[in-house]
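Below is one structure; the comments refer to it alone.
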There are 4 protein chains.
Amino acid sequence: MDCRLVLREHGEPVRFHIRGVEVNGDKPLIIAGPCSVESREMIIETAMAIKRILVDELGFTNVVLRGGAWKPRTSPYSFQGHGARALEWLREAGDKTGLPVATEVLDPRDVGTAAEYVDAIWVGARNMQNTPLLRELAKAGKPVLLKRHFGATINEWLCSAEYLLAGGLEEVALIERGTRGINEYARFTLDITVVPIIREVSRLPIIVDVSHPAGRRSLVPPLAKAALAAGAHGVMIEVHPSPDKALSDAKQQLSFDMFEKLARELRGAGLI
Amino acid sequence: MDCRLVLREHGEPVRFHIRGVEVNGDKPLIIAGPCSVESREMIIETAMAIKRILVDELGFTNVVLRGGAWKPRTSPYSFQGHGARALEWLREAGDKTGLPVATEVLDPRDVGTAAEYVDAIWVGARNMQNTPLLRELAKAGKPVLLKRHFGATINEWLCSAEYLLAGGLEEVALIERGTRGINEYARFTLDITVVPIIREVSRLPIIVDVSHPAGRRSLVPPLAKAALAAGAHGVMIEVHPSPDKALSDAKQQLSFDMFEKLARELRGAGLI
Amino acid sequence: MDCRLVLREHGEPVRFHIRGVEVNGDKPLIIAGPCSVESREMIIETAMAIKRILVDELGFTNVVLRGGAWKPRTSPYSFQGHGARALEWLREAGDKTGLPVATEVLDPRDVGTAAEYVDAIWVGARNMQNTPLLRELAKAGKPVLLKRHFGATINEWLCSAEYLLAGGLEEVALIERGTRGINEYARFTLDITVVPIIREVSRLPIIVDVSHPAGRRSLVPPLAKAALAAGAHGVMIEVHPSPDKALSDAKQQLSFDMFEKLARELRGAGLI
Amino acid sequence: MDCRLVLREHGEPVRFHIRGVEVNGDKPLIIAGPCSVESREMIIETAMAIKRILVDELGFTNVVLRGGAWKPRTSPYSFQGHGARALEWLREAGDKTGLPVATEVLDPRDVGTAAEYVDAIWVGARNMQNTPLLRELAKAGKPVLLKRHFGATINEWLCSAEYLLAGGLEEVALIERGTRGINEYARFTLDITVVPIIREVSRLPIIVDVSHPAGRRSLVPPLAKAALAAGAHGVMIEVHPSPDKALSDAKQQLSFDMFEKLARELRGAGLI
């Protein structure tokens, strides 16, 4: 593999901050929030619930608020996100709660706008090899969380990250979110082995999105525990005020109650 | 599936022309040319060889010249294509030989430029779900050939095509180019079953890129025969003046001699 | 790979006969018959139909009659085959029509019985790495057709064949029958690339079972054409007097009419 | 699915004992030992080390000693196990240490012999759908641990277990050991989602073999933690006195020191 900047042998593990929240520090990261920012009210409500549960009640501050503004939907008839408007709401929710915020960008022409509003940007699985987008993100200078495509090898994933590093961006983390497998009861097959593998092979932090492989909410808590127990630098979890009414990913988002229960269990197990 | 415009039950099979060359007509299509347009001379030389072999010698005129200008490479250090300059050369090669020309576009901002120069645009596997790109292509009005991602289901692929049809573009064909499989001797596992499946399920023509699944040139001729025998509306084949010296996909491109031999065999078998 | 007897570099391509029918000779092989031998009458009826269509009408004699006696079913509640009794009926059907006969064996304790009745034995995908069975078959001396497991690599498959060759059996052919893939419209993903790959890499003939990857009968004819066009040494096709009433694989077996139509098309295309 | 005895809705979760060691009780199970029983001395040495580390030092008694007597090897030239002789040594090692012992059976004709010597029998991935073997095991009456084939769906796996339950054997547990995936740094893709899925869907306990998906020993400890954190009823771990000299699976077996370190970490994390 000629992608070298991402490799462990190339240098020290990459550590960075998302508006004061450390990635690859002493504690893992919890990135939580709704699949999509559906309205100003819902994202503020969700942010406040997450802050209450993690920061106020558990004293856990390594938290980032996620919320999708542009959604990469399989069907053109599905909800595609509220776009730039959602970013304003997301920013407001972050400011109200003190949580840093992150969103997904699909279109290289939206990178600048996103960078004005959010503290980190993630690249969805479907855009892992969208090289014009990666180049634009390298220039924008915001931390980037790069999801693995569900059909991509590890080297392909690392080489996509190399586009960011080669473009001058050091603040990069990887997100595993499940690969296409033969398990007919889950949405994707979470490849848990990548957690120790990335830790061995790469300088980049490895985070696990536990909602997308689950596909249904009952699987999310055990997968979150597994990911952190395996050594992940963080987990991404979808949380929604009324999951059943969500405009996207309705089956896999946690309610506030479920999220609180999970957070307490993670704390009880010494995982956060 | 809520993607309906692509379905066979929605209407008649889609037929269209790429600068006079019929797609889904009486004869299959051969899309041939180099992986990348490496120079003005090489694309003209290749175009003339293809024209000589197919049009002049075999009287087969259902031909499109392919050539990559922007290349979606796994590594940022690999040759990324000559960009817009390559489109001029490709256009010149097309004009000199009378062959319509096609190229790949990765960036929604390049769609307009590409549409000025070429007669058809293909979307590479890695961009199958790049929805901003698909929307831009729907507006540009050029015929689009949509490759299946190597990790995508058929419904995901059809839904990506639906973005084009729902955006007002009717001139759309599908290209199978191999899925990620467990065959350690091929680059990808060519999913030959999609040929009859797409013919049953969808209105869109189905073309098979036989070079990418092969990964090495000796496999290309048998896969081309299999694809056409299975009923594909066309095949896409990489051809290069000096394959071993190619800047990309060196192992899988055919020399002119191999391409001529294959073309004669296809003719002999009644497949073109 | 330390499995060497199967490799092309080790020696001449393997050629053998199944009761006078040549495998890897000038003409491909057609192995046809029902999934299961359901009764004496049905196997005789099927054998006579196959003989009429291929031998009498088309003059094509490279034919083997297949019929399952022991069936490896996913569920214990599905029809498991009539066992040894079915072998008598199969033998009778073969004798009445002059067609050699083949069956599947699952249990090493049944190899001897099977070898008394049939002219060739196939190993189903699920038993590809059943090494006690392979060792028993090597000793029995009957030609063996070894199916690839739907989750097996090519080297694993070749090494299973090596158990037969290393055990002293030279009359071995390989059968590709589809791998587990991401195609939700087919039962399995037929890996057509193995046809030229096995021809390059191995001494063993390569046959394609086109019924199992199809999963539904409309896909069988195009896959049969693709397999033979790609260079397969034969095809295996399930044929049943009343497919919809079949005790196993009801959706993928061809009726006599469909089989006759396919046979005529294969002849018309010069493929048999 | 017509396999019902295995389903959670059919009855209470299955609990049983392997010579006094409870499966699906308050504590998880650790099944440890070498890939193959290579000699009398090595299995006794390994058994004593496992007993010392888990029972004597940590007071953890939910332990089973594993050791392969018949090995299902990809190549016929690899070490195939010492057969029945190895069972005597394994039994002796169990008796000396008080640990129950388990081995793998491949051949239905060996079930009786194995049942004389061991306390539990596992079915390897490659034999998951070896129905004659499953039927023989159902009659033998020993607890059976059924590994999932690396290419099998969950329903196929559950239906294989149904062969055991339908045959009258209630003492059955499932073992996940990794599926064929696209991760080029691991031997198999451990499907961690099956742990909560089997707990939801099935009555049967779910154990995770963490050595086979790892393929190299550095990945084993994080996978063991992940499996137990996800809720597995046990883990299977390969341990060898001198892993680099092992006759099989040399890269993935843990030394006694590594195993001791892992055991202490599992205890420290409250996972055992």
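Letters A, B, ... go to the chains of the structure tokens in the order shown; residues in each chain start at 1; ligands are counted from 1 in the same order.
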(request) Find the residues near segment 241-247 of chain B: any atom within 10 Å, counting only C-alpha atoms, skip ones fewer than 3 places away on the same chain, and give them as number ranges by chain. (result) B: 33-38, 42-43, 45-46, 49, 78-81, 217, 238, 250-257
Those selected residues, please, written with N, CA, C and O atoms and delivered as an mmCIF file, in the first residue's frame.
```cif
data_model
loop_
_atom_site.group_PDB
_atom_site.id
_atom_site.type_symbol
_atom_site.label_atom_id
_atom_site.label_comp_id
_atom_site.auth_asym_id
_atom_site.auth_seq_id
_atom_site.Cartn_x
_atom_site.Cartn_y
_atom_site.Cartn_z
ATOM 1 N N GLY B 33 -12.228 1.378 -25.278
ATOM 2 C CA GLY B 33 -11.264 2.470 -25.190
ATOM 3 C C GLY B 33 -10.427 2.317 -23.948
ATOM 4 O O GLY B 33 -10.621 1.393 -23.162
ATOM 5 N N PRO B 34 -9.507 3.240 -23.760
ATOM 6 C CA PRO B 34 -8.582 3.097 -22.635
ATOM 7 C C PRO B 34 -9.233 3.439 -21.302
ATOM 8 O O PRO B 34 -10.226 4.166 -21.260
ATOM 9 N N CYS B 35 -8.651 2.931 -20.242
ATOM 10 C CA CYS B 35 -9.094 3.324 -18.916
ATOM 11 C C CYS B 35 -9.003 4.852 -18.812
ATOM 12 O O CYS B 35 -9.985 5.514 -18.555
ATOM 13 N N SER B 36 -7.805 5.397 -19.066
ATOM 14 C CA SER B 36 -7.605 6.846 -19.007
ATOM 15 C C SER B 36 -7.156 7.372 -20.365
ATOM 16 O O SER B 36 -6.411 6.699 -21.077
ATOM 17 N N VAL B 37 -7.573 8.584 -20.677
ATOM 18 C CA VAL B 37 -7.042 9.293 -21.846
ATOM 19 C C VAL B 37 -5.668 9.815 -21.418
ATOM 20 O O VAL B 37 -5.557 10.806 -20.702
ATOM 21 N N GLU B 38 -4.628 9.138 -21.857
ATOM 22 C CA GLU B 38 -3.299 9.468 -21.329
ATOM 23 C C GLU B 38 -2.612 10.573 -22.125
ATOM 24 O O GLU B 38 -1.753 11.284 -21.594
ATOM 25 N N MET B 42 -2.456 9.001 -27.901
ATOM 26 C CA MET B 42 -2.883 7.641 -27.550
ATOM 27 C C MET B 42 -4.384 7.458 -27.722
ATOM 28 O O MET B 42 -4.836 6.388 -28.142
ATOM 29 N N ILE B 43 -5.156 8.496 -27.472
ATOM 30 C CA ILE B 43 -6.604 8.296 -27.617
ATOM 31 C C ILE B 43 -6.997 8.274 -29.097
ATOM 32 O O ILE B 43 -7.876 7.503 -29.505
ATOM 33 N N GLU B 45 -5.002 7.240 -31.501
ATOM 34 C CA GLU B 45 -4.514 5.941 -31.984
ATOM 35 C C GLU B 45 -5.490 4.818 -31.587
ATOM 36 O O GLU B 45 -5.814 3.943 -32.395
ATOM 37 N N THR B 46 -5.962 4.877 -30.358
ATOM 38 C CA THR B 46 -6.882 3.839 -29.896
ATOM 39 C C THR B 46 -8.215 3.905 -30.642
ATOM 40 O O THR B 46 -8.778 2.882 -31.042
ATOM 41 N N ALA B 49 -7.851 2.436 -34.033
ATOM 42 C CA ALA B 49 -7.754 0.971 -34.002
ATOM 43 C C ALA B 49 -9.132 0.347 -33.789
ATOM 44 O O ALA B 49 -9.505 -0.631 -34.456
ATOM 45 N N SER B 78 -1.938 7.907 -6.956
ATOM 46 C CA SER B 78 -2.071 7.326 -8.289
ATOM 47 C C SER B 78 -2.484 8.418 -9.278
ATOM 48 O O SER B 78 -3.032 9.450 -8.893
ATOM 49 N N PHE B 79 -2.229 8.159 -10.529
ATOM 50 C CA PHE B 79 -2.605 9.071 -11.618
ATOM 51 C C PHE B 79 -4.108 9.370 -11.552
ATOM 52 O O PHE B 79 -4.925 8.458 -11.543
ATOM 53 N N GLN B 80 -4.442 10.647 -11.516
ATOM 54 C CA GLN B 80 -5.835 11.037 -11.305
ATOM 55 C C GLN B 80 -6.528 11.503 -12.585
ATOM 56 O O GLN B 80 -7.660 11.993 -12.546
ATOM 57 N N GLY B 81 -5.865 11.353 -13.719
ATOM 58 C CA GLY B 81 -6.465 11.772 -14.986
ATOM 59 C C GLY B 81 -6.056 13.179 -15.368
ATOM 60 O O GLY B 81 -5.667 13.979 -14.522
ATOM 61 N N ARG B 217 -6.113 -9.484 -18.174
ATOM 62 C CA ARG B 217 -6.690 -9.490 -19.521
ATOM 63 C C ARG B 217 -7.116 -10.856 -20.030
ATOM 64 O O ARG B 217 -8.045 -10.944 -20.823
ATOM 65 N N GLU B 238 -11.927 -2.384 -21.822
ATOM 66 C CA GLU B 238 -10.782 -1.477 -21.847
ATOM 67 C C GLU B 238 -9.744 -1.934 -22.871
ATOM 68 O O GLU B 238 -9.330 -3.088 -22.870
ATOM 69 N N ALA B 250 -3.394 -1.374 -15.642
ATOM 70 C CA ALA B 250 -2.467 -1.936 -16.636
ATOM 71 C C ALA B 250 -2.719 -3.413 -16.899
ATOM 72 O O ALA B 250 -2.549 -3.899 -18.011
ATOM 73 N N LYS B 251 -3.143 -4.143 -15.891
ATOM 74 C CA LYS B 251 -3.243 -5.592 -16.053
ATOM 75 C C LYS B 251 -4.479 -6.059 -16.816
ATOM 76 O O LYS B 251 -4.537 -7.184 -17.266
ATOM 77 N N GLN B 252 -5.487 -5.199 -16.875
ATOM 78 C CA GLN B 252 -6.747 -5.684 -17.428
ATOM 79 C C GLN B 252 -7.084 -5.134 -18.806
ATOM 80 O O GLN B 252 -8.065 -5.560 -19.414
ATOM 81 N N GLN B 253 -6.301 -4.177 -19.319
ATOM 82 C CA GLN B 253 -6.625 -3.621 -20.624
ATOM 83 C C GLN B 253 -6.136 -4.556 -21.738
ATOM 84 O O GLN B 253 -5.099 -5.181 -21.621
ATOM 85 N N LEU B 254 -6.912 -4.613 -22.819
ATOM 86 C CA LEU B 254 -6.526 -5.450 -23.953
ATOM 87 C C LEU B 254 -5.651 -4.655 -24.912
ATOM 88 O O LEU B 254 -5.870 -3.466 -25.114
ATOM 89 N N SER B 255 -4.711 -5.352 -25.516
ATOM 90 C CA SER B 255 -3.978 -4.756 -26.635
ATOM 91 C C SER B 255 -4.902 -4.746 -27.863
ATOM 92 O O SER B 255 -5.951 -5.395 -27.878
ATOM 93 N N PHE B 256 -4.488 -4.009 -28.889
ATOM 94 C CA PHE B 256 -5.304 -3.985 -30.113
ATOM 95 C C PHE B 256 -5.438 -5.394 -30.686
ATOM 96 O O PHE B 256 -6.507 -5.790 -31.160
ATOM 97 N N ASP B 257 -4.366 -6.163 -30.650
ATOM 98 C CA ASP B 257 -4.414 -7.522 -31.201
ATOM 99 C C ASP B 257 -5.405 -8.406 -30.443
ATOM 100 O O ASP B 257 -6.194 -9.140 -31.047
#
```
(message) Residues of chain A within 10 Å of chain C, counting only C-alpha atoms - could you list those as a ChimeraX atom specification?
(response) /A:180-182
(message) So that I can check the secondary structure, give me every residue of segment 95-189 of chain A assigned helix (DSSP H, G or I) by backbone DSSP, as a PyMOL selection string.
(response) chain A and resi 95-97+108-117+125-127+131-140+154-166
Just the residues within 12 Å of Leu174 of chain B, please, counting only C-alpha atoms, with nothing from its chain fewer than 2 positions along; format it as a compact mmCIF listing (two decimals) with C-alpha atoms, in the first residue's frame.
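Written file, around-v9.txt:
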```
# COMPACT_ATOMS: atom_id res chain seq x y z
CA VAL B 6 -37.07 2.20 -13.44
CA VAL B 14 -35.95 2.44 -22.43
CA VAL B 23 -28.78 1.47 -27.01
CA ASN B 24 -31.21 -1.41 -26.53
CA ILE B 121 -21.37 10.18 -19.28
CA TRP B 122 -20.85 7.24 -17.02
CA VAL B 123 -21.00 7.19 -13.25
CA GLY B 124 -18.36 4.99 -11.68
CA ALA B 125 -19.14 2.34 -9.11
CA MET B 128 -23.33 5.18 -7.58
CA PRO B 143 -27.25 9.92 -21.68
CA VAL B 144 -25.96 8.42 -18.46
CA LEU B 145 -24.51 4.94 -17.88
CA LEU B 146 -24.74 4.09 -14.20
CA LYS B 147 -22.34 1.53 -12.80
CA ARG B 148 -23.32 -0.64 -9.85
CA HIS B 149 -21.23 -0.20 -6.73
CA ILE B 154 -29.87 -4.40 -7.07
CA TRP B 157 -28.69 0.41 -7.85
CA LEU B 158 -32.15 0.81 -9.35
CA CYS B 159 -32.95 3.52 -6.82
CA SER B 160 -29.84 5.43 -7.85
CA ALA B 161 -31.06 5.24 -11.44
CA GLU B 162 -34.41 6.49 -10.18
CA LEU B 164 -31.90 10.25 -12.80
CA GLU B 171 -31.63 8.14 -21.40
CA VAL B 172 -30.20 5.89 -18.71
CA GLU B 176 -22.67 -4.20 -13.97
CA ARG B 177 -18.92 -4.24 -13.23
CA VAL B 194 -28.05 -9.41 -13.09
CA VAL B 195 -28.29 -9.53 -16.87
CA ILE B 198 -32.46 -6.48 -14.97
CA ARG B 199 -34.12 -7.52 -18.23
CA SER B 202 -36.31 -3.05 -15.16
CA ARG B 203 -36.98 -0.90 -18.21
CA LEU B 204 -33.32 0.09 -18.40
CA PRO B 205 -30.74 -1.51 -20.67
CA ILE B 206 -28.05 -3.58 -18.97
CA ILE B 207 -24.43 -3.37 -20.07
CA VAL B 208 -21.53 -5.35 -18.60
CA ASP B 209 -18.09 -3.90 -17.94
CA ALA B 232 -26.54 -8.04 -22.13
CA HIS B 233 -27.36 -4.96 -24.20
CA GLY B 234 -23.69 -4.22 -24.46
CA VAL B 235 -20.22 -4.70 -23.09
CA MET B 236 -17.60 -2.22 -21.97
```
(message) Set the distance at 7 Å and use only C-alpha atoms: which residues neighbour segment 100-110 of chain B once local chain neighbours fewer than 3 positions away are removed? I'd like the list as a ChimeraX atom specification.
(response) /A:132 /B:18-19,64-70,90-91,94,113-114,118-124,127,132-133,136
Grab the residues selected above and save them as a short mmCIF file (atom, residue, chain, number, x, y, z; two decimals), in the first residue's frame with N, CA and C atoms.
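What follows is the written file out.cif:
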```
data_model
loop_
_atom_site.label_atom_id
_atom_site.label_comp_id
_atom_site.auth_asym_id
_atom_site.auth_seq_id
_atom_site.Cartn_x
_atom_site.Cartn_y
_atom_site.Cartn_z
N PRO A 132 -13.46 14.16 -4.93
CA PRO A 132 -13.61 15.63 -4.92
C PRO A 132 -14.07 16.14 -3.55
N ILE B 18 -26.87 7.24 -28.48
CA ILE B 18 -25.69 8.02 -28.10
C ILE B 18 -25.09 8.50 -29.42
N ARG B 19 -25.38 9.76 -29.74
CA ARG B 19 -24.96 10.32 -31.05
C ARG B 19 -25.17 9.31 -32.18
N VAL B 64 -19.09 2.82 -29.10
CA VAL B 64 -18.83 4.08 -28.40
C VAL B 64 -17.38 4.04 -27.90
N LEU B 65 -16.69 5.16 -28.02
CA LEU B 65 -15.32 5.26 -27.53
C LEU B 65 -15.32 5.76 -26.09
N ARG B 66 -14.69 5.02 -25.21
CA ARG B 66 -14.61 5.45 -23.82
C ARG B 66 -13.21 6.00 -23.53
N GLY B 67 -13.12 6.87 -22.54
CA GLY B 67 -11.81 7.36 -22.10
C GLY B 67 -11.99 8.18 -20.84
N GLY B 68 -11.22 7.86 -19.83
CA GLY B 68 -11.35 8.54 -18.55
C GLY B 68 -10.57 9.84 -18.50
N ALA B 69 -11.20 10.90 -18.05
CA ALA B 69 -10.53 12.19 -17.90
C ALA B 69 -10.28 12.47 -16.41
N TRP B 70 -11.28 12.15 -15.60
CA TRP B 70 -11.12 12.26 -14.14
C TRP B 70 -11.21 10.84 -13.59
N LEU B 90 -10.32 13.59 -26.33
CA LEU B 90 -11.32 12.53 -26.56
C LEU B 90 -12.29 12.96 -27.66
N ARG B 91 -12.71 14.21 -27.56
CA ARG B 91 -13.65 14.75 -28.57
C ARG B 91 -13.00 14.70 -29.96
N GLY B 94 -13.01 11.26 -31.23
CA GLY B 94 -14.35 10.90 -31.68
C GLY B 94 -14.65 11.51 -33.04
N THR B 113 -18.98 20.93 -17.92
CA THR B 113 -17.83 20.83 -18.83
C THR B 113 -17.88 19.54 -19.61
N ALA B 114 -18.11 18.45 -18.92
CA ALA B 114 -18.16 17.15 -19.60
C ALA B 114 -19.25 17.14 -20.66
N VAL B 118 -18.67 15.51 -24.48
CA VAL B 118 -18.93 14.08 -24.73
C VAL B 118 -20.38 13.79 -25.05
N ASP B 119 -20.63 12.59 -25.55
CA ASP B 119 -21.96 12.19 -25.99
C ASP B 119 -22.70 11.37 -24.94
N ALA B 120 -21.95 10.87 -23.98
CA ALA B 120 -22.55 10.13 -22.87
C ALA B 120 -21.60 10.21 -21.68
N ILE B 121 -22.17 10.09 -20.50
CA ILE B 121 -21.37 10.18 -19.28
C ILE B 121 -21.64 8.94 -18.45
N TRP B 122 -20.57 8.33 -17.94
CA TRP B 122 -20.85 7.24 -17.02
C TRP B 122 -20.51 7.65 -15.58
N VAL B 123 -21.23 7.00 -14.68
CA VAL B 123 -21.00 7.19 -13.25
C VAL B 123 -20.29 5.94 -12.75
N GLY B 124 -19.14 6.14 -12.15
CA GLY B 124 -18.36 4.99 -11.68
C GLY B 124 -18.99 4.35 -10.47
N ASN B 127 -19.30 6.12 -7.16
CA ASN B 127 -20.21 7.26 -7.09
C ASN B 127 -21.67 6.89 -7.34
N PRO B 132 -25.70 14.19 -5.09
CA PRO B 132 -25.54 15.50 -5.76
C PRO B 132 -25.08 15.34 -7.21
N LEU B 133 -24.21 14.39 -7.46
CA LEU B 133 -23.75 14.16 -8.83
C LEU B 133 -24.90 13.66 -9.69
N GLU B 136 -27.19 16.47 -10.66
CA GLU B 136 -26.60 17.36 -11.66
C GLU B 136 -26.67 16.70 -13.05
#
```
(request) Mind giving me the straight-line distance from atom CA of Trp89 of chain C to atom CA of Glu41 of chain C in Å, one decimal? (result)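 Atom-to-atom, atom CA of Trp89 of chain C and atom CA of Glu41 of chain C are spaced 8.2 Å apart.
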(message) Considering only C-alpha atoms, can you say which of C:Asn183, C:Ser39, C:Thr97, C:Ser75 comes closest to Val63 of chain C?
(response)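 Checking each candidate against Val63 of chain C, we get C:Thr97 as the closest.
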(request) State, in Å with one decimal place, the distance from atom CA of Met258 of chain B to atom CA of Ile53 of chain B. (result)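 If I compute the distance from atom CA of Met258 of chain B to atom CA of Ile53 of chain B, I get 10.9 Å.
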(message) Report, in Å to a single decimal, how far apart atom CA of Val220 of chain A and atom CA of Asp2 of chain B are.
(response)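 That distance, rounded to one decimal, is 27.3 Å.
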(request) Excluding Leu219 of chain C and any residue of its chain fewer than 4 positions from it, enumerate the residues within 8 Å of it, using only C-alpha atoms, and give them as a PyMOL selection string. (result) (chain B and resi 193+196-197) or (chain C and resi 214-215+223)
Store the residues of this selection in a file with N, CA and C atoms, as an mmCIF file, in the first residue's frame.
```
data_model
loop_
_atom_site.group_PDB
_atom_site.id
_atom_site.type_symbol
_atom_site.label_atom_id
_atom_site.label_comp_id
_atom_site.auth_asym_id
_atom_site.auth_seq_id
_atom_site.Cartn_x
_atom_site.Cartn_y
_atom_site.Cartn_z
ATOM 1 N N THR B 193 -25.790 -12.949 -13.135
ATOM 2 C CA THR B 193 -27.249 -13.110 -13.014
ATOM 3 C C THR B 193 -27.993 -11.793 -13.166
ATOM 4 N N PRO B 196 -30.065 -11.256 -16.864
ATOM 5 C CA PRO B 196 -31.484 -11.585 -17.010
ATOM 6 C C PRO B 196 -32.376 -10.939 -15.959
ATOM 7 N N ILE B 197 -31.850 -10.682 -14.780
ATOM 8 C CA ILE B 197 -32.683 -10.060 -13.745
ATOM 9 C C ILE B 197 -33.087 -8.649 -14.154
ATOM 10 N N ALA C 214 -29.626 -19.572 -9.959
ATOM 11 C CA ALA C 214 -30.820 -18.925 -10.486
ATOM 12 C C ALA C 214 -31.898 -18.824 -9.408
ATOM 13 N N GLY C 215 -32.242 -19.984 -8.856
ATOM 14 C CA GLY C 215 -33.279 -19.963 -7.835
ATOM 15 C C GLY C 215 -34.677 -19.846 -8.421
ATOM 16 N N LEU C 223 -28.337 -18.154 -17.959
ATOM 17 C CA LEU C 223 -27.128 -18.576 -17.252
ATOM 18 C C LEU C 223 -26.466 -19.772 -17.943
#
```
(message) To test your reading of the structure, identify every residue in segment 84-199 of chain D that backbone DSSP assigns to strand (DSSP E), and report it as number ranges by chain.
(response) D: 101-104, 120-123, 144-147, 172-176
